[in-house]
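Enquirer: Quick one: the structure is below, questions incoming.
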Amino acid sequence: MAHRVTLIPGDGIGPDIARATVRILEATGADLEWDRQEAGMAGLETRNSPLPDETLASIADNRVALKGPLTTPVGKGFRSINVALRKHFDLYANVRPARTIIPKSRYEDIDLVLIRENTEGLYSGVEHYVGIGDDPRAAAESVMIVTRFGVERIVRYAFEYALDNGRRKVTLAHKANILKCTQGLFLDIGREIAAEYEGRVEFEDRIVDATAMMLVMDPYRFDVIVTENMFGDILSDQIAGLVGGLGMAPGANIGKETAIFEAVHGSAPDIAGRNIANPTGLLLSGVLMIEHLGYAEEARRVRTALEETIRSEDSLTPDLGGSGTTDGFTEAVLRRL
Ligand code: NAI
Ligand code: MG
């Protein structure tokens, strides 16, 4: 029976990289049926909502979605649809692997996984302006929410991930020295959970700013990193930079029932509509998705074809130093597949 998957091409470069990804995944022979839906600006234009009910219903039915980037207006307008989706389906674990494919880049042989808490922290959406006198926006507050339930499940997820994937160490990145309550709780509960895995997976904790520095100086000391929502957002772009940039970085948003796969990067309005976006981030997200659906061999074949294409510098897109196009690069991967 075909696996029905919700496909949200998204905004900006989304439709280009989604088309590339669908072509390559289909060429593996994996039995996928795409249930195409809109969200973000595309949803607003076609269905008058950035998150149409049809899209939510489709994801709820299929339980698996592949999503392109969605544009979020800055500082005003609707709330991030990405955040809304993660909260709606309780996709509490954001898994973002970074592995070197590009030869001769700044670092060789990077192999890290960042696991970000995806539903709480400063991105809980509890924020407001404070008016003083006749200035309605004299101040603003965003609340960082940390719960025992939330920390236990994300830290346990990180350890279980490490065990399942043959990883040796989990680093918990925090800011408990300054944010005594929220980050103190994150750290304390993290240590409790880590104790359950003693002798099986190594554990350390580090302050997040020092972690950022060490990721640049000596990324090899890290293996799996687990951290709260905003820190994870920032550190995951940083680790994408260790392996060639945002164009290379895939991600999975995992909940108990549902999983949404998406690249780390956004809609890249600066290069949208020019057919030069690198589809690798979304393609590797699609690879994580077909692995999740049980297509291990098909996933391995896509990875190999992609790696061979990149290593032979065939049709690379401009972010990788080439002069190729999204379609040209896609053809090059398809030839090797
Ligand atoms: P961005 O990730 O879209 O772009 C940052 C830089 O990386 C740009 O120079 C862009 O050209 C480049 N880049 C990103 N993806 C690329 C790719 N596949 N190939 C080649 N170059 C690539 O971040 P930015 O500009 O901060 O955000 C743009 C919009 O995307 C915003 O509305 C933001 O809210 C949204 N966004 C959505 C995300 C999602 O849907 N999960 C994640 C991050 C941002
Ligand atoms: Mg981000």
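Chain labels A, B, ... are given in the sequence in which chains occur in the structure tokens; within each chain residues are numbered consecutively from 1, and ligands are likewise numbered from 1 in the order shown.
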Give me, as an MDAnalysis selection string, all polymer residues having an atom no more than 10 Å from Ile239 (chain A), counting only C-alpha atoms and skipping those fewer than 6 positions away in the same chain.
Expert: chainID A and resid 96:99 110:114 212 215:216 219 245:246 249
Enquirer: Fewer than 2 positions away in the same chain doesn't count, so skip those; otherwise give me all residues within 10 Å of region 314-328 of chain A, counting only C-alpha atoms, as a PyMOL selection string.
Expert: chain A and resi 13+16-17+19-20+102+105+244-248+274-280+308-312+330-334
Enquirer: Could you list, as a ChimeraX atom specification, all residues that come within 6 Å of ligand 1? Count only C-alpha atoms and all ligand atoms.
Expert: /A:69-73,82,246-247,264-271,277-279,319
Enquirer: CA of Tyr107 (chain A) to CA of Glu291 (chain A): how many Å, to one decimal?
Expert: 26.9 Å
Enquirer: Would you please work out which residue, of A:Asp233, A:Glu313, A:Asp218, A:Glu38, is nearest to ligand 2 when using only C-alpha atoms and all ligand atoms?
Expert: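 Using only C-alpha atoms and all ligand atoms, the shortest distance to ligand 2 belongs to A:Asp233.
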Enquirer: Just checking: using only C-alpha atoms, which residue out of A:Arg63, A:Leu337, A:Val208, A:Leu56 ends up closest to His292 (chain A)?
Expert: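 Of the candidates, the smallest distance to His292 (chain A) is held by A:Arg63.
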